[in-house]
Structure formats: structure tokens, C-alpha cells
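Next comes structure14.cif, with mmCIF, C-alpha atoms and all ligand atoms.
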```
data_run
#
loop_
_atom_site.label_atom_id
_atom_site.label_comp_id
_atom_site.auth_asym_id
_atom_site.auth_seq_id
_atom_site.Cartn_x
_atom_site.Cartn_y
_atom_site.Cartn_z
CA MET A 1 111.37 117.90 103.30
CA ALA A 2 111.70 121.51 104.47
CA GLU A 3 108.16 122.37 103.38
CA TYR A 4 106.54 119.54 105.38
CA LYS A 5 105.87 120.67 108.96
CA GLY A 6 103.87 119.68 111.99
CA VAL A 7 101.27 117.05 112.72
CA MET A 8 97.81 116.76 111.17
CA VAL A 9 94.99 114.69 112.66
CA HIS A 10 91.76 113.67 110.93
CA CYS A 11 88.94 114.00 113.48
CA GLU A 12 85.96 111.72 112.90
CA VAL A 13 82.55 112.90 113.96
CA ALA A 14 79.51 110.79 114.87
CA GLU A 15 76.08 112.02 115.91
CA GLY A 16 77.27 115.62 116.04
CA LYS A 17 80.16 114.90 118.42
CA LEU A 18 83.89 114.27 118.11
CA MET A 19 84.39 110.52 118.33
CA ALA A 20 86.55 109.17 121.16
CA ILE A 21 89.20 108.16 118.58
CA ALA A 22 89.40 111.82 117.50
CA THR A 23 90.22 113.04 121.01
CA GLU A 24 92.71 110.17 121.43
CA LEU A 25 94.44 111.14 118.16
CA LEU A 26 94.51 114.78 119.25
CA GLY A 27 96.21 113.71 122.53
CA CYS A 28 98.78 111.67 120.62
CA GLY A 29 99.22 114.32 117.91
CA ARG A 30 99.82 116.99 120.58
CA LYS A 31 102.61 114.89 122.12
CA LEU A 32 104.28 114.32 118.72
CA ALA A 33 103.91 117.99 117.73
CA ASP A 34 105.48 119.08 121.03
CA GLU A 35 108.39 116.67 120.50
CA LEU A 36 108.92 118.20 117.05
CA GLY A 37 108.38 121.74 118.35
CA ASP A 38 105.64 122.21 115.72
CA GLU A 39 101.91 122.78 115.45
CA LEU A 40 99.05 120.32 115.73
CA HIS A 41 96.51 120.77 112.95
CA ALA A 42 93.09 119.08 113.19
CA VAL A 43 90.86 118.44 110.18
CA LEU A 44 87.09 118.25 110.52
CA THR A 45 85.18 116.91 107.53
CA GLY A 46 81.42 116.42 107.40
CA SER A 47 78.16 118.29 107.38
CA GLU A 48 77.40 120.75 110.22
CA VAL A 49 80.77 120.13 111.84
CA THR A 50 82.03 123.74 112.07
CA GLY A 51 80.73 124.04 115.64
CA LEU A 52 83.10 121.27 116.74
CA ALA A 53 86.27 123.20 115.86
CA GLN A 54 86.51 124.75 119.33
CA GLU A 55 86.22 121.30 120.87
CA ALA A 56 89.18 120.08 118.77
CA ILE A 57 91.16 123.06 120.08
CA ALA A 58 90.10 122.26 123.67
CA PHE A 59 91.55 118.77 123.16
CA GLY A 60 94.92 120.06 121.93
CA ALA A 61 94.78 121.40 118.33
CA ASP A 62 96.52 124.67 117.45
CA LYS A 63 94.68 125.01 114.15
CA VAL A 64 91.55 123.39 112.77
CA SER A 65 90.72 123.13 109.08
CA VAL A 66 87.00 122.69 108.60
CA VAL A 67 85.47 121.31 105.41
CA ASP A 68 81.71 121.54 106.04
CA ASP A 69 79.54 120.43 103.14
CA LEU A 70 76.29 118.53 102.76
CA LEU A 71 78.05 116.17 100.34
CA LEU A 72 80.27 115.09 103.24
CA LYS A 73 77.33 114.13 105.48
CA ASP A 74 77.98 110.41 105.04
CA TYR A 75 81.42 108.91 104.57
CA GLN A 76 82.03 108.31 100.88
CA THR A 77 85.45 107.28 99.64
CA ASP A 78 85.54 109.64 96.63
CA SER A 79 84.44 112.78 98.48
CA TYR A 80 86.56 112.23 101.60
CA VAL A 81 89.74 111.28 99.71
CA SER A 82 89.28 114.36 97.56
CA VAL A 83 88.87 116.83 100.45
CA MET A 84 91.57 115.23 102.59
CA GLU A 85 94.00 115.39 99.65
CA LYS A 86 93.14 119.07 99.23
CA VAL A 87 93.70 119.86 102.93
CA ALA A 88 96.90 117.79 103.16
CA LYS A 89 98.35 119.61 100.13
CA GLN A 90 97.52 122.97 101.72
CA VAL A 91 98.79 122.15 105.22
CA MET A 92 101.78 119.96 104.11
CA PRO A 93 102.07 118.09 107.42
CA GLN A 94 105.13 116.04 108.26
CA ILE A 95 102.85 113.51 110.00
CA LEU A 96 99.22 112.66 109.23
CA LEU A 97 97.20 110.54 111.68
CA LEU A 98 93.84 108.86 111.18
CA GLY A 99 91.83 106.44 113.30
CA GLN A 100 92.00 102.68 112.68
CA THR A 101 88.26 102.75 112.07
CA SER A 102 86.22 101.68 109.05
CA VAL A 103 86.67 105.25 107.75
CA GLY A 104 90.40 105.50 108.50
CA ARG A 105 91.16 102.09 107.04
CA ASP A 106 89.46 103.02 103.81
CA LEU A 107 90.76 106.57 103.63
CA ALA A 108 94.42 106.24 104.69
CA PRO A 109 95.73 103.95 101.92
CA ARG A 110 93.94 105.88 99.18
CA LEU A 111 95.16 109.17 100.54
CA ALA A 112 98.69 107.77 100.83
CA PHE A 113 98.53 106.79 97.15
CA ARG A 114 97.36 110.26 96.14
CA LEU A 115 100.13 111.86 98.20
CA ASN A 116 102.72 109.40 96.89
CA THR A 117 103.79 108.13 100.30
CA PRO A 118 103.32 104.86 102.25
CA ASP A 119 101.16 104.40 105.34
CA SER A 120 101.15 102.18 108.45
CA LEU A 121 97.79 100.79 109.49
CA GLY A 122 96.79 99.83 113.04
CA CYS A 123 99.59 101.40 115.10
CA LEU A 124 99.64 100.90 118.85
CA GLU A 125 102.35 103.42 119.72
CA LEU A 126 103.88 106.44 118.00
CA ALA A 127 106.97 108.40 118.97
CA ILE A 128 109.56 110.68 117.41
CA ASP A 129 113.07 109.37 116.85
CA PRO A 130 115.21 111.97 118.66
CA GLU A 131 117.96 111.87 116.00
CA SER A 132 116.21 111.52 112.64
CA LYS A 133 112.95 113.21 113.81
CA LEU A 134 111.10 110.50 111.90
CA MET A 135 107.95 109.01 113.40
CA LEU A 136 108.49 105.58 114.98
CA GLN A 137 105.38 103.51 114.28
CA THR A 138 104.83 100.43 116.46
CA LYS A 139 102.32 97.88 115.21
CA PRO A 140 101.54 94.19 115.67
CA VAL A 141 102.99 91.80 113.10
CA TYR A 142 102.82 88.01 112.49
CA GLY A 143 99.16 87.88 113.53
CA GLY A 144 99.82 89.74 116.78
CA ASN A 145 102.67 87.46 117.94
CA ALA A 146 105.23 90.27 117.75
CA GLN A 147 105.44 94.03 117.46
CA ALA A 148 107.63 95.84 114.95
CA ILE A 149 108.68 99.47 114.72
CA PHE A 150 108.54 101.09 111.29
CA THR A 151 109.76 104.41 109.99
CA CYS A 152 109.22 105.97 106.63
CA GLU A 153 111.37 108.56 104.92
CA SER A 154 108.79 110.10 102.62
CA TYR A 155 106.25 112.72 103.63
CA PRO A 156 103.69 113.02 104.99
CA GLN A 157 104.26 110.02 107.25
CA ILE A 158 100.78 108.53 107.44
CA ALA A 159 99.58 106.21 110.21
CA THR A 160 96.26 104.94 111.50
CA VAL A 161 96.01 104.41 115.25
CA ARG A 162 93.91 101.83 117.07
CA SER A 163 91.20 103.04 119.40
CA LYS A 164 92.12 103.14 123.10
CA ALA A 165 95.81 102.86 122.22
CA MET A 166 96.29 106.57 123.06
CA SER A 167 94.86 108.80 125.77
CA PRO A 168 93.10 112.12 125.17
CA LEU A 169 94.25 115.26 126.94
CA GLU A 170 92.09 116.76 129.65
CA ARG A 171 89.61 119.05 127.88
CA ASP A 172 90.65 122.69 128.32
CA ASP A 173 88.07 125.14 127.00
CA SER A 174 90.36 128.10 127.67
CA ARG A 175 92.77 126.95 124.92
CA GLN A 176 92.94 129.27 121.91
CA GLY A 177 93.40 128.25 118.31
CA GLU A 178 92.77 129.23 114.72
CA VAL A 179 89.86 127.94 112.65
CA ILE A 180 90.37 127.79 108.88
CA ILE A 181 87.34 127.25 106.65
CA ILE A 182 88.09 125.34 103.44
CA GLU A 183 85.61 124.95 100.61
CA ALA A 184 85.00 121.32 99.69
CA GLY A 185 84.66 122.19 95.98
CA LEU A 186 83.16 118.77 95.29
CA ASP A 187 81.55 117.76 92.03
CA PRO A 188 78.55 115.54 92.96
CA GLU A 189 79.00 113.69 89.64
CA ALA A 190 82.47 112.59 90.72
CA ILE A 191 81.11 110.72 93.76
CA ARG A 192 80.60 107.24 92.39
CA THR A 193 78.77 105.65 95.34
CA LYS A 194 75.54 106.50 97.16
CA VAL A 195 74.41 105.62 100.67
CA LEU A 196 70.98 104.03 100.11
CA GLU A 197 70.19 102.96 103.64
CA LYS A 198 71.70 102.98 107.10
CA ILE A 199 70.99 100.22 109.60
CA VAL A 200 71.89 101.11 113.14
CA GLU A 201 73.03 98.19 115.29
CA GLU A 202 71.07 98.30 118.54
CA VAL A 203 73.31 97.79 121.54
CA GLU A 204 71.52 96.96 124.74
CA GLY A 205 73.18 98.47 127.80
CA ILE A 206 76.70 99.82 127.86
CA LYS A 207 78.98 99.58 124.81
CA LEU A 208 81.91 97.16 125.04
CA GLU A 209 84.42 99.93 124.29
CA ASP A 210 83.06 102.13 127.10
CA ALA A 211 82.52 99.48 129.78
CA GLU A 212 84.52 99.60 133.01
CA VAL A 213 83.82 95.90 133.54
CA VAL A 214 83.88 93.29 130.77
CA VAL A 215 82.90 89.66 131.23
CA SER A 216 84.39 87.79 128.29
CA GLY A 217 83.94 84.21 127.18
CA GLY A 218 85.86 81.87 124.93
CA ARG A 219 85.43 78.63 123.04
CA GLY A 220 85.17 76.74 126.33
CA ILE A 221 81.78 78.36 127.03
CA GLY A 222 80.45 75.99 124.39
CA SER A 223 77.17 77.64 123.34
CA ALA A 224 75.05 80.76 123.05
CA GLU A 225 73.15 79.49 126.08
CA GLY A 226 76.35 79.54 128.14
CA PHE A 227 76.89 83.21 127.32
CA LYS A 228 73.55 84.06 129.04
CA GLN A 229 75.25 83.46 132.39
CA LEU A 230 78.03 85.87 131.41
CA GLU A 231 75.42 88.43 130.36
CA GLU A 232 73.73 88.23 133.77
CA LEU A 233 76.96 88.93 135.61
CA ALA A 234 77.89 91.73 133.21
CA LYS A 235 74.50 93.37 133.82
CA LEU A 236 74.92 93.05 137.56
CA LEU A 237 78.32 94.76 137.38
CA LYS A 238 76.99 97.42 134.96
CA GLY A 239 79.43 96.10 132.38
CA ALA A 240 79.42 94.50 128.94
CA VAL A 241 80.01 91.06 127.47
CA GLY A 242 83.02 90.36 125.27
CA ALA A 243 84.31 87.24 123.53
CA SER A 244 87.27 85.66 121.86
CA ARG A 245 86.99 84.89 118.14
CA PRO A 246 85.52 81.34 118.21
CA PRO A 247 82.22 82.31 119.93
CA CYS A 248 81.75 85.05 117.30
CA ASP A 249 82.65 82.73 114.43
CA ASN A 250 80.17 80.17 115.83
CA ASN A 251 77.43 82.84 116.09
CA TRP A 252 77.01 82.29 119.83
CA VAL A 253 77.39 86.07 120.16
CA PRO A 254 77.42 88.95 117.62
CA SER A 255 80.71 89.67 115.86
CA GLY A 256 80.81 93.10 117.57
CA TYR A 257 81.64 91.30 120.83
CA GLN A 258 85.05 90.17 119.57
CA VAL A 259 88.03 91.44 121.54
CA GLY A 260 91.48 91.28 119.99
CA LEU A 261 93.68 91.94 117.04
CA THR A 262 90.82 91.77 114.55
CA GLY A 263 88.19 92.78 117.09
CA LYS A 264 87.93 95.61 119.58
CA ILE A 265 90.72 97.01 121.71
CA ILE A 266 89.46 97.76 125.16
CA ALA A 267 90.93 98.95 128.43
CA PRO A 268 88.39 98.27 131.19
CA GLU A 269 89.10 98.43 134.91
CA LEU A 270 88.17 94.75 135.25
CA TYR A 271 88.33 92.00 132.59
CA ILE A 272 86.87 88.65 133.60
CA ALA A 273 88.11 86.05 131.11
CA VAL A 274 86.12 82.83 131.21
CA ALA A 275 87.15 79.66 129.34
CA LEU A 276 89.40 81.46 126.91
CA SER A 277 93.05 80.57 126.46
CA GLY A 278 94.52 84.08 126.22
CA SER A 279 96.06 83.83 122.73
CA SER A 280 98.34 86.69 121.73
CA GLN A 281 95.71 87.81 119.20
CA HIS A 282 93.10 88.01 121.95
CA MET A 283 95.41 89.70 124.47
CA THR A 284 96.23 92.47 121.95
CA GLY A 285 92.66 93.62 122.60
CA CYS A 286 92.56 93.50 126.40
CA SER A 287 96.08 93.59 127.84
CA SER A 288 95.54 97.22 128.90
CA ALA A 289 92.81 96.16 131.33
CA ARG A 290 93.74 97.22 134.85
CA THR A 291 92.87 93.85 136.43
CA ILE A 292 92.35 90.54 134.65
CA VAL A 293 90.59 87.67 136.41
CA ALA A 294 90.69 84.27 134.68
CA ILE A 295 88.69 81.08 135.00
CA ASN A 296 90.11 78.16 133.01
CA LYS A 297 90.34 74.41 133.52
CA ASP A 298 93.86 74.26 132.11
CA PRO A 299 96.48 75.47 134.64
CA GLU A 300 98.93 75.95 131.73
CA ALA A 301 96.60 78.30 129.80
CA ASN A 302 98.38 81.49 128.72
CA ILE A 303 95.66 83.63 130.30
CA PHE A 304 97.09 82.79 133.75
CA ARG A 305 100.35 84.52 132.72
CA GLU A 306 98.38 87.69 132.07
CA ALA A 307 95.82 87.49 134.89
CA ARG A 308 96.19 89.03 138.33
CA PHE A 309 93.73 86.53 139.86
CA GLY A 310 92.86 83.10 138.51
CA VAL A 311 90.78 80.04 139.31
CA VAL A 312 91.68 76.67 137.76
CA GLY A 313 88.48 74.72 137.22
CA ASP A 314 85.45 74.03 135.05
CA TRP A 315 83.71 77.35 134.46
CA LYS A 316 80.31 75.64 134.77
CA LYS A 317 81.10 75.00 138.44
CA VAL A 318 83.29 78.01 139.24
CA PHE A 319 81.33 80.75 137.47
CA PRO A 320 77.93 80.31 139.21
CA ALA A 321 79.66 80.34 142.62
CA PHE A 322 81.66 83.41 141.59
CA ALA A 323 78.51 85.18 140.33
CA ASP A 324 76.60 84.31 143.53
CA LYS A 325 79.40 85.76 145.64
CA VAL A 326 79.40 88.96 143.56
CA LYS A 327 75.60 89.23 144.03
CA GLU A 328 76.00 88.74 147.77
CA LEU A 329 78.72 91.40 148.02
CA LEU A 330 76.73 93.87 145.94
CA ALA A 331 73.67 93.32 148.12
CA ASP A 332 75.60 94.25 151.31
C1 LIG B 1 95.27 86.98 112.05
C2 LIG B 1 94.52 86.46 113.25
C3 LIG B 1 93.71 87.33 113.95
C4 LIG B 1 93.00 86.89 115.07
N1 LIG B 1 92.24 87.79 115.78
C5 LIG B 1 91.66 87.39 116.93
C6 LIG B 1 90.95 88.31 117.75
O1 LIG B 1 90.78 89.49 117.40
N2 LIG B 1 90.43 87.87 118.90
C7 LIG B 1 90.57 86.56 119.32
O2 LIG B 1 90.08 86.22 120.41
N3 LIG B 1 91.21 85.67 118.55
C8 LIG B 1 91.75 86.03 117.37
N4 LIG B 1 92.40 85.11 116.60
C9 LIG B 1 92.29 83.69 116.99
C10 LIG B 1 93.31 83.29 118.05
O3 LIG B 1 94.51 82.89 117.44
C11 LIG B 1 92.79 82.12 118.90
O4 LIG B 1 92.50 81.04 118.06
C12 LIG B 1 91.55 82.47 119.72
O5 LIG B 1 91.76 83.65 120.46
C13 LIG B 1 91.25 81.32 120.65
O6 LIG B 1 90.05 81.56 121.31
P1 LIG B 1 89.73 80.85 122.69
O7 LIG B 1 90.77 81.22 123.70
O8 LIG B 1 88.32 81.12 123.02
O9 LIG B 1 89.81 79.30 122.29
P2 LIG B 1 90.89 78.20 122.67
O10 LIG B 1 92.28 78.65 122.38
O11 LIG B 1 90.42 76.94 122.06
O12 LIG B 1 90.76 78.13 124.24
C14 LIG B 1 89.66 77.67 124.92
C15 LIG B 1 90.05 77.66 126.39
O13 LIG B 1 88.91 77.29 127.15
C16 LIG B 1 89.34 76.43 128.18
N5 LIG B 1 88.17 75.62 128.55
C17 LIG B 1 87.51 74.72 127.76
N6 LIG B 1 86.46 74.20 128.43
C18 LIG B 1 86.48 74.79 129.65
C19 LIG B 1 85.64 74.67 130.79
N7 LIG B 1 84.57 73.85 130.82
N8 LIG B 1 85.94 75.42 131.89
C20 LIG B 1 87.02 76.24 131.89
N9 LIG B 1 87.83 76.39 130.84
C21 LIG B 1 87.57 75.68 129.74
C22 LIG B 1 90.48 75.63 127.61
O14 LIG B 1 91.32 75.17 128.65
C23 LIG B 1 91.15 76.67 126.72
O15 LIG B 1 92.17 77.35 127.42
C24 LIG B 1 93.09 85.54 115.48
C25 LIG B 1 93.91 84.66 114.75
C26 LIG B 1 94.60 85.11 113.65
C27 LIG B 1 95.49 84.15 112.91
#
```
Please lay out the structure from this file as C-alpha cells.
Ligand SMILES: Cc1cc2nc3c(=O)[nH]c(=O)nc-3n(C[C@H](O)[C@H](O)[C@H](O)COP(=O)(O)OP(=O)(O)OC[C@H]3O[C@@H](n4cnc5c(N)ncnc54)[C@H](O)[C@@H]3O)c2cc1C
Amino acid sequence: MAEYKGVMVHCEVAEGKLMAIATELLGCGRKLADELGDELHAVLTGSEVTGLAQEAIAFGADKVSVVDDLLLKDYQTDSYVSVMEKVAKQVMPQILLLGQTSVGRDLAPRLAFRLNTPDSLGCLELAIDPESKLMLQTKPVYGGNAQAIFTCESYPQIATVRSKAMSPLERDDSRQGEVIIIEAGLDPEAIRTKVLEKIVEEVEGIKLEDAEVVVSGGRGIGSAEGFKQLEELAKLLKGAVGASRPPCDNNWVPSGYQVGLTGKIIAPELYIAVALSGSSQHMTGCSSARTIVAINKDPEANIFREARFGVVGDWKKVFPAFADKVKELLAD
């Protein structure tokens, strides 16, 4: 164990910028590294990513390993597992954190196998056990109905962390750190997959993950048509539309709207939950909202246990009146 030290964070990059999950992981990694009295090491992998090293330092890293190679331009399992294995074996971190993103979910288990250690996917909280110094990994279990804390006694301890579960540090451009350039050393022949085409999903207006206000609908909305009313209010409040799983499964709204355990985790200022019951799987995705307002015809619906304000009634009657009042107040 003696040779494993510190915390390492894989920083994902999109459109030439550190992704929000990267800054969140750096914030969390900094806290864990401070608790251990060790360093926080960031890893940047991609093409033309060297310029982002200083940003990783500004968000908390002490050291940044950069693997900048054209072959890393797009995420490919073979190339990324190979370079991350190389960096992890050089740095020998005690803890290795990745995002619970499509990249992290693919990369973490394969990397764990290469490094002969287990991993925990989809953690909501991480801490250091004061006695054993092992990482305590909290994650939902039994379909989101309970949370369990795991530890692992082999190194590195690998975990993926859900987006919005952690907070980034305030950016501090005066922070100093060391940048280490690592050659990818990739053999193009060893990369067994090719990206043939990329289709970018067009999102009109503000993204669900970034919205301060989310107007979310459930099965009780009944149709795609019903969601149009939610869209109008969301637009008025400069927010986004979300949904529970049934409206996505029924194709009333795109699957990207889903909030919850198997959807997006969001933390808006205001979450307006319309005709959804507030299942534990749904609440996993929105319980960090500052204020929840619920409209539901069932006074026993679980959402009323979570909501700060609630109206018991048929949404088809309550919602238009609610939206009209919002319009009136905004016009004043
Ligand atoms: C492993 C696993 C993962 C899951 N992941 C997710 C997830 O990520 N996100 C998610 O949302 N779910 C998820 N689910 C599904 C989850 O268990 C629930 O089934 C789902 O959240 C229920 O959605 P709902 O509240 O819209 O529907 P329901 O539970 O059917 O609730 C509909 C609500 O609408 C109300 N209602 C009906 N008509 C009206 C009306 N006219 N006016 C007012 N109120 C009305 C009803 O009173 C009821 O409370 C997951 C389940 C599993 C097992």
C-alpha cells in the first residue's frame, strides 16, 4: 500500500473546455486529498488539451498529467484505457475518480480490471474514513430505494461520481501547479473501433442540467400534447422541461428529459413537479433542488413529502391557472 498515494481525477473535455463534471471531481478530489494530507493529480486526455492544464490547477489540482494526441480526439475504449492505465501506473494514486458519464462508465470498469482492483459506479458521496483512511463510497442500491456505503481494500480505489453530486471549488487562477507531459505511445492498429459519424443532439433553449428552473411532468400528463403546456411555462421562466420515466418511455418527450436514478441528476433553484408521484428513483435525480413545488391529484402522493409547496388537484385545471399567475407576476 505504501507506494499508492494521493488522489487522481480524470478530467473530461468537451468542445475545448473542461466539462462541469471535471470541475466537480476536482472539487471533491481536493477535499479527499486534503483529508489524506496528499496531492491531487488531474489527468487530461484528448487532442489539443494541453492548454487546459492551468484550468485544472485553478480548480484545485496540484499536478496535471497531460496526454495530448490526435488519436485521443474522440473517446475510444482501447486508446483511453491504454493511456489511463499508463498514467495510473506512473502516478500510483490511492484513489482514482472518474465521472459517471458515458465515458466514465465505459472506462472505469475496464481500467479497474487492468489495475486488478474493483470499482464503484455512480457514487453520490465520497469521504475518507478517519481510522482506516479508506474511501467511503456512498451509492444508491435496490433501484434507488436505499443508499449503501462501500469501502475497498485494494488500490487504487476507483469510483465514478454522478454529475451535480459534488461542487466545484471557486476558480483561482493564482494557484500554482506542475504540468507533466506524457506521451500516449499508442499503436493505431491496436484501436479496434472507429468513429464513423457524430450526430449532435440539438437542444433548444437551456440544457436541463444547467437550468435554474425545471418544469417536470409525469405519467399523469397523459400525452405529448400535455407537455406543450409545461414547455410554455418553462420558456417563460427561462428554464427547461424535465420528466419522470414513463413520459420518456412513451415517447411523449425525448429520453434526455428523464430525471432520476437512470436519468439526469439536477439541482435547480426551483423544481415544479406536475402529475408525477415522486418515486424514490425519480427523487434521486431532483432532491437537491432548492424548492420543489408539486401539483398532484392524490394527496397521499410521495411528492408532497418532498415538496415545499403543493396543490392537490387535477393538473389540467391547476396548471393553467398557475401559469397565468406566473405570467401576470412576470409582467408586473
Ligand atoms: C432501476 C429503476 C430505475 C428507474 N429510474 C427512474 C428514473 O431515472 N426516473 C424516474 O422518473 N423513474 C425511474 N424509475 C421508475 C420509477 O420507479 C417510477 O415508476 C416512475 O418514477 C413513476 O413515474 P410517475 O411518477 O410519472 O408515474 P406514477 O407513479 O404512475 O405517478 C403518476 C402520478 O400522477 C398523478 N396524476 C395522474 N393524473 C393526474 C392529473 N390529472 N392531475 C394531477 N395528478 C395526476 C397520480 O396521482 C400519480 O401520483 C426507475 C425504476 C427502476 C426499477
field: Distance criterion (only C-alpha atoms): nearest to Glu212 (chain A) out of A:Ile199, A:Val83, A:Ala301, A:Ile272
entry: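 Residue with the minimum atom-to-atom distance to Glu212 (chain A): A:Ile272.
Among the candidates A:Pro93, A:Gly310, A:Pro109, A:Pro246, the one nearest to ligand LIG 1 (chain B) when counting only C-alpha atoms and all ligand atoms is A:Pro246.
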- request: In Å, rounded to a single decimal, give me how far CA of Gly29 (chain A) is from CA of Gln176 (chain A).
  value: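 Straight-line distance from CA of Gln176 (chain A) to CA of Gly29 (chain A) works out to 16.7 Å.
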Within 8 Å of ligand LIG 1 (chain B) (counting only C-alpha atoms and all ligand atoms), which residues show up? I'd like them as a PDB file with C-alpha atoms, in the frame of the given file.
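Listed below is the output, out32.pdb:
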```
ATOM      1  CA  TYR A 142     102.820  88.010 112.490  1.00  0.00           C
ATOM      2  CA  GLY A 143      99.160  87.880 113.530  1.00  0.00           C
ATOM      3  CA  GLY A 144      99.820  89.740 116.780  1.00  0.00           C
ATOM      4  CA  GLY A 217      83.940  84.210 127.180  1.00  0.00           C
ATOM      5  CA  GLY A 218      85.860  81.870 124.930  1.00  0.00           C
ATOM      6  CA  ARG A 219      85.430  78.630 123.040  1.00  0.00           C
ATOM      7  CA  GLY A 220      85.170  76.740 126.330  1.00  0.00           C
ATOM      8  CA  ILE A 221      81.780  78.360 127.030  1.00  0.00           C
ATOM      9  CA  GLY A 222      80.450  75.990 124.390  1.00  0.00           C
ATOM     10  CA  ALA A 243      84.310  87.240 123.530  1.00  0.00           C
ATOM     11  CA  SER A 244      87.270  85.660 121.860  1.00  0.00           C
ATOM     12  CA  ARG A 245      86.990  84.890 118.140  1.00  0.00           C
ATOM     13  CA  PRO A 246      85.520  81.340 118.210  1.00  0.00           C
ATOM     14  CA  PRO A 247      82.220  82.310 119.930  1.00  0.00           C
ATOM     15  CA  GLN A 258      85.050  90.170 119.570  1.00  0.00           C
ATOM     16  CA  VAL A 259      88.030  91.440 121.540  1.00  0.00           C
ATOM     17  CA  GLY A 260      91.480  91.280 119.990  1.00  0.00           C
ATOM     18  CA  LEU A 261      93.680  91.940 117.040  1.00  0.00           C
ATOM     19  CA  THR A 262      90.820  91.770 114.550  1.00  0.00           C
ATOM     20  CA  GLY A 263      88.190  92.780 117.090  1.00  0.00           C
ATOM     21  CA  LYS A 264      87.930  95.610 119.580  1.00  0.00           C
ATOM     22  CA  VAL A 274      86.120  82.830 131.210  1.00  0.00           C
ATOM     23  CA  ALA A 275      87.150  79.660 129.340  1.00  0.00           C
ATOM     24  CA  LEU A 276      89.400  81.460 126.910  1.00  0.00           C
ATOM     25  CA  SER A 277      93.050  80.570 126.460  1.00  0.00           C
ATOM     26  CA  GLY A 278      94.520  84.080 126.220  1.00  0.00           C
ATOM     27  CA  SER A 279      96.060  83.830 122.730  1.00  0.00           C
ATOM     28  CA  SER A 280      98.340  86.690 121.730  1.00  0.00           C
ATOM     29  CA  GLN A 281      95.710  87.810 119.200  1.00  0.00           C
ATOM     30  CA  HIS A 282      93.100  88.010 121.950  1.00  0.00           C
ATOM     31  CA  MET A 283      95.410  89.700 124.470  1.00  0.00           C
ATOM     32  CA  THR A 284      96.230  92.470 121.950  1.00  0.00           C
ATOM     33  CA  GLY A 285      92.660  93.620 122.600  1.00  0.00           C
ATOM     34  CA  ILE A 295      88.690  81.080 135.000  1.00  0.00           C
ATOM     35  CA  ASN A 296      90.110  78.160 133.010  1.00  0.00           C
ATOM     36  CA  LYS A 297      90.340  74.410 133.520  1.00  0.00           C
ATOM     37  CA  ASP A 298      93.860  74.260 132.110  1.00  0.00           C
ATOM     38  CA  PRO A 299      96.480  75.470 134.640  1.00  0.00           C
ATOM     39  CA  ALA A 301      96.600  78.300 129.800  1.00  0.00           C
ATOM     40  CA  ASN A 302      98.380  81.490 128.720  1.00  0.00           C
ATOM     41  CA  ILE A 303      95.660  83.630 130.300  1.00  0.00           C
ATOM     42  CA  VAL A 312      91.680  76.670 137.760  1.00  0.00           C
ATOM     43  CA  GLY A 313      88.480  74.720 137.220  1.00  0.00           C
ATOM     44  CA  ASP A 314      85.450  74.030 135.050  1.00  0.00           C
ATOM     45  CA  TRP A 315      83.710  77.350 134.460  1.00  0.00           C
ATOM     46  CA  LYS A 316      80.310  75.640 134.770  1.00  0.00           C
TER      47      LYS A 316
END
```
- request: Please provide as a PyMOL selection string all residues within 8 Å of region 9-20 of chain A, with the sequence filter that same-chain residues fewer than 6 positions apart are discarded (counting all atoms listed in the file).
  value: chain A and resi 26+29+40-46+48-49+52+55-56+96-99+163
query: Residues at most 12 Å from Val203 (chain A), counting all atoms listed in the file, excluding those fewer than 5 positions away in the same chain, as a ChimeraX atom specification?
result: /A:208-209,240-241,254,256-257
Atom-to-atom span, CA of Asp38 (chain A) and CA of Lys5 (chain A), Å: 6.9 Å
task: Would you mind listing what lies within 10 Å of Lys86 (chain A) as a ChimeraX atom specification, with all atoms listed in the file counted and same-chain residues fewer than 3 positions away left out?
output: /A:80-83,89-92,182-185
CA of Glu125 (chain A) to CA of Arg162 (chain A), straight-line distance in Å: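 Separation of CA of Arg162 (chain A) and CA of Glu125 (chain A): 9.0 Å.
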task: For Lys194 (chain A), work out the shell of residues within 10 Å, counting only C-alpha atoms and skipping chain neighbours fewer than 2 positions away, then give it as JSON, numbers by chain.
output: {"A": [74, 75, 76, 191, 192, 196, 197]}
query: From the list A:Ala190, A:Leu136, A:Ile21, A:Leu329, which residue is nearest Pro168 (chain A) when using only C-alpha atoms?
result: A:Ile21
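For the choices A:Ala289, A:Val103, A:Val67, A:Ala88, the atom-to-atom distance to Leu270 (chain A) is smallest for A:Ala289 when using all atoms listed in the file.
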query: Contacts of Arg171 (chain A) at 12 Å or less, counting only C-alpha atoms, minus same-chain residues fewer than 5 places along, as number ranges by chain?
result: A: 23-24, 26-27, 54-61
task: Give as a list of chain:residue names each residue that has an atom at most 12 Å from (73.7, 83.5, 129.9) in the file, counting all atoms listed in the file.
output: A:Val215, A:Ser216, A:Gly217, A:Ile221, A:Gly222, A:Ser223, A:Ala224, A:Glu225, A:Gly226, A:Phe227, A:Lys228, A:Gln229, A:Leu230, A:Glu231, A:Glu232, A:Leu233, A:Ala234, A:Lys235, A:Val241, A:Trp252, A:Val253, A:Lys316, A:Phe319, A:Pro320, A:Ala323
- request: Rank nothing, just name the residue among A:Ser79, A:Ser287, A:Ser174, A:Gln94 nearest to Arg110 (chain A), using only C-alpha atoms.
  value: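 Looking only at the distances to Arg110 (chain A), the closest residue turns out to be A:Ser79.
Shortest separation to Cys152 (chain A) among A:Lys63, A:Lys133, A:Lys198, A:Lys164 occurs at residue A:Lys133, atoms counted being only C-alpha atoms.
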